[in-house]
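Data block for query16.cif (mmCIF, C-alpha atoms):
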data_model
loop_
_atom_site.label_atom_id
_atom_site.label_comp_id
_atom_site.auth_asym_id
_atom_site.auth_seq_id
_atom_site.Cartn_x
_atom_site.Cartn_y
_atom_site.Cartn_z
CA MET T 18 5.00 19.85 -16.64
CA THR T 19 4.44 19.93 -12.88
CA SER T 20 7.05 19.42 -10.24
CA PRO T 21 7.05 16.13 -8.29
CA GLN T 22 5.96 17.95 -5.11
CA VAL T 23 2.89 19.46 -6.78
CA LYS T 24 2.05 16.15 -8.44
CA ARG T 25 2.37 14.34 -5.08
CA ARG T 26 0.11 16.89 -3.35
CA VAL T 27 -2.60 16.60 -6.01
CA VAL T 28 -2.46 12.80 -6.08
CA THR T 29 -2.43 12.61 -2.27
CA TRP T 30 -5.48 14.88 -2.04
CA CYS T 31 -7.35 12.78 -4.63
CA HIS T 32 -6.45 9.54 -2.83
CA ARG T 33 -7.35 10.86 0.62
CA TYR T 34 -10.68 12.49 -0.21
CA VAL T 35 -11.96 10.71 -3.33
CA VAL T 36 -10.38 7.36 -4.19
CA ASN T 37 -9.54 5.82 -0.78
CA PRO T 38 -12.92 6.39 0.92
CA VAL T 39 -14.64 4.46 -1.87
CA THR T 40 -11.93 1.87 -2.43
CA ARG T 41 -11.58 1.16 1.32
CA HIS T 42 -14.97 -0.60 1.21
CA LEU T 43 -14.25 -2.54 -1.97
CA ALA T 44 -10.58 -3.46 -1.55
CA GLY T 45 -9.93 -7.16 -1.57
CA ARG T 46 -13.57 -8.06 -2.01
CA LEU T 47 -14.93 -6.66 -5.26
CA MET T 48 -11.63 -5.39 -6.67
CA PRO T 49 -9.15 -8.15 -7.53
CA GLY T 50 -5.54 -7.19 -6.96
CA THR T 51 -6.37 -4.92 -4.04
CA ALA T 52 -6.06 -5.35 -0.30
CA LEU T 53 -6.63 -3.26 2.80
CA LEU T 54 -3.50 -2.42 4.77
CA GLU T 55 -3.88 -1.55 8.44
CA THR T 56 -0.98 0.29 10.06
CA THR T 57 -0.68 1.91 13.48
CA GLY T 58 -0.66 5.71 13.33
CA ARG T 59 2.79 6.96 14.28
CA ARG T 60 1.41 9.91 16.25
CA THR T 61 -2.02 8.77 17.43
CA GLY T 62 -1.51 5.04 17.85
CA HIS T 63 -4.88 4.51 16.12
CA ALA T 64 -5.43 1.96 13.37
CA ARG T 65 -5.15 3.49 9.88
CA ARG T 66 -6.57 1.57 6.91
CA THR T 67 -5.31 2.22 3.41
CA PRO T 68 -6.40 0.42 0.23
CA ILE T 69 -3.38 -0.86 -1.69
CA GLY T 70 -2.71 -2.83 -4.82
CA GLY T 71 -0.38 -5.79 -4.89
CA ARG T 72 -0.13 -9.54 -4.98
CA ARG T 73 0.29 -12.36 -2.51
CA VAL T 74 3.16 -14.69 -3.33
CA ASP T 75 3.41 -17.65 -0.94
CA ASP T 76 3.60 -16.17 2.58
CA SER T 77 4.37 -12.61 1.46
CA PHE T 78 2.38 -9.74 -0.01
CA TRP T 79 4.22 -7.43 -2.44
CA LEU T 80 3.28 -3.85 -3.27
CA VAL T 81 4.86 -0.66 -4.58
CA SER T 82 4.18 2.66 -2.87
CA ASP T 83 3.73 5.48 -5.37
CA HIS T 84 5.27 8.18 -3.14
CA GLY T 85 7.74 6.16 -1.07
CA THR T 86 8.50 7.62 2.35
CA ALA T 87 6.29 10.63 1.60
CA SER T 88 3.24 8.34 1.99
CA ALA T 89 1.65 8.39 5.44
CA TYR T 90 1.24 4.62 5.55
CA VAL T 91 4.94 4.14 4.74
CA LEU T 92 5.91 6.52 7.58
CA ASN T 93 3.63 4.48 9.84
CA ILE T 94 5.46 1.31 8.75
CA VAL T 95 8.82 2.93 9.52
CA ALA T 96 7.56 3.72 13.04
CA ASN T 97 6.00 0.27 13.54
CA PRO T 98 6.42 -2.46 10.90
CA ARG T 99 3.73 -4.72 12.43
CA VAL T 100 0.67 -4.50 10.17
CA ARG T 101 -2.56 -6.29 9.33
CA LEU T 102 -3.66 -6.99 5.79
CA ARG T 103 -7.10 -7.93 4.54
CA VAL T 104 -6.97 -10.00 1.39
CA GLY T 105 -10.45 -10.99 0.35
CA ALA T 106 -12.53 -11.37 3.49
CA ARG T 107 -9.63 -12.60 5.63
CA TRP T 108 -7.27 -10.58 7.85
CA HIS T 109 -3.59 -11.54 8.15
CA ALA T 110 -0.99 -10.20 10.58
CA GLY T 111 2.50 -9.56 9.30
CA THR T 112 5.66 -7.51 9.29
CA ALA T 113 6.32 -4.97 6.54
CA HIS T 114 9.79 -4.42 5.08
CA LEU T 115 10.79 -1.44 2.92
CA LEU T 116 13.01 -2.57 0.05
CA PRO T 117 14.64 0.54 -1.49
CA ALA T 118 17.22 -1.59 -3.34
CA ASP T 119 14.48 -3.51 -5.20
CA ASP T 120 13.76 -2.44 -8.79
CA SER T 121 10.24 -1.07 -8.26
CA ARG T 122 9.49 -0.69 -11.97
CA ALA T 123 10.42 -4.34 -12.60
CA ARG T 124 8.35 -5.35 -9.55
CA LEU T 125 5.32 -3.54 -10.97
CA ARG T 126 5.48 -5.83 -14.02
CA GLU T 127 4.79 -8.77 -11.66
CA LEU T 128 1.86 -7.11 -9.87
CA PRO T 129 -1.75 -6.55 -11.02
CA ARG T 130 -1.74 -4.63 -14.29
CA PHE T 131 -4.26 -1.85 -13.61
CA ASN T 132 -2.82 -0.90 -10.23
CA SER T 133 0.73 -1.01 -11.63
CA MET T 134 -0.27 1.28 -14.48
CA MET T 135 -1.75 3.80 -12.00
CA VAL T 136 1.30 3.65 -9.68
CA ARG T 137 3.64 4.29 -12.63
CA ALA T 138 1.51 7.18 -13.90
CA LEU T 139 0.84 8.88 -10.56
CA GLY T 140 3.95 7.97 -8.59
CA THR T 141 6.79 10.33 -7.77
CA ASN T 142 9.13 8.10 -5.73
CA LEU T 143 8.44 4.39 -6.14
CA LEU T 144 9.30 2.09 -3.23
CA THR T 145 8.83 -1.68 -3.03
CA ILE T 146 7.34 -3.08 0.18
CA ARG T 147 7.13 -6.75 1.16
CA ILE T 148 4.82 -7.85 3.95
CA ASP T 149 5.83 -11.18 5.48
CA LEU T 150 2.62 -12.77 6.73
CA ASP T 151 2.67 -14.58 10.05
CA PRO T 152 2.58 -18.39 9.69
CA THR T 153 -0.65 -18.72 11.65
CA GLY T 154 -2.34 -16.11 9.50
CA LYS T 155 -4.26 -14.86 12.53
CA PRO T 156 -4.37 -11.12 13.29
#
Kindly present the structure from the file in structure tokens form.
Amino acid sequence: MTSPQVKRRVVTWCHRYVVNPVTRHLAGRLMPGTALLETTGRRTGHARRTPIGGRRVDDSFWLVSDHGTASAYVLNIVANPRVRLRVGARWHAGTAHLLPADDSRARLRELPRFNSMMVRALGTNLLTIRIDLDPTGKP
């Protein structure tokens, strides 16, 4: 059995160099249950795009981060909660909220099955995030 830190490092490496570069082009278009999250880099100020899995419910998008505040995109949200989200071919502006009190495992049962299965298997510190989409829906 590996420690959570080793598991997180291996999963992060795989996401950064293998999974995300491919998924970034497919998220929200050819892969149902995925979206592309754009945050502002906390150090550089540059746009950072991360493929995520989740579901839109009314004017919110729900997701669960597999590594919580150890994930770069979550740290970017902490620094600046204003984000953009591409669902399908359309971009939406919104504000992200970290919800540590939410039961992340229960939340995963409401989100797309394949992504939820991967988050449960690969995650080390689950954290629910809700993105409240702006009413106009314009970025």
With only C-alpha atoms as the basis for distance, which of T:Thr51, T:Asn93, T:Ser82, T:Thr67 is at the shortest distance from T:Arg137? T:Ser82
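Residues surrounding stretch 110-116 of chain T within 8 Å are Ile94, Pro98, Arg99, Val100, Arg101, Leu102, Leu144, Thr145, Ile146, Arg147, Ile148, Asp149, Leu150, Asp151, Gly154, Lys155 and Pro156 of chain T [all atoms listed in the file; sequence separation below 4 positions excluded].
Reported to one decimal place, the separation of atom CA of T:Arg60 from atom CA of T:Asn97 is 11.0 Å.
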Go ahead and compute the interatomic distance for atom CA of T:Trp79 and atom CA of T:Gly50, in Å to one decimal. 10.8 Å
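Take the candidates T:Val23, T:Leu139, T:Leu125, T:Val95 and check each one against T:Gly70 using only C-alpha atoms; the shortest distance goes to T:Leu125.
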Using Å and a single decimal, report how far atom CA of T:Arg122 sits from atom CA of T:Val136.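 That distance, rounded to one decimal, is 9.5 Å.
The smallest atom-to-atom distance between T:Asp119 and any of T:Leu80, T:Ala52, T:Ala106, T:Ser133, using only C-alpha atoms, is found for T:Leu80.
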Selected residue of minimal separation from T:Asn132 among T:Asp120, T:Val104, T:Val91, T:Pro68, counting all atoms listed in the file: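 Once distances to T:Asn132 are computed over all atoms listed in the file, the minimum belongs to T:Pro68.
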Which of T:Arg130, T:Leu143, T:Arg65, T:Gln22 sits closest to T:Gly85 [using all atoms listed in the file]: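 Ranked by minimum distance to T:Gly85, first place goes to T:Leu143.
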Go through T:Thr153, T:Arg26, T:Thr141, T:Pro21 one by one, measure the shortest atom-to-atom distance of each to T:Asp76 using only C-alpha atoms, and give the residue with the smallest value. T:Thr153
If you take every atom of stretch 132-150 of chain T that the file lists and fit an axis-aligned box around them with 3 Å extra on each side, what centre and edge lengths come out in Å to one decimal, as lines of an AutoDock Vina configuration file?
center_x = 3.2
center_y = -1.2
center_z = -3.9
size_x = 18.1
size_y = 29.1
size_z = 27.2
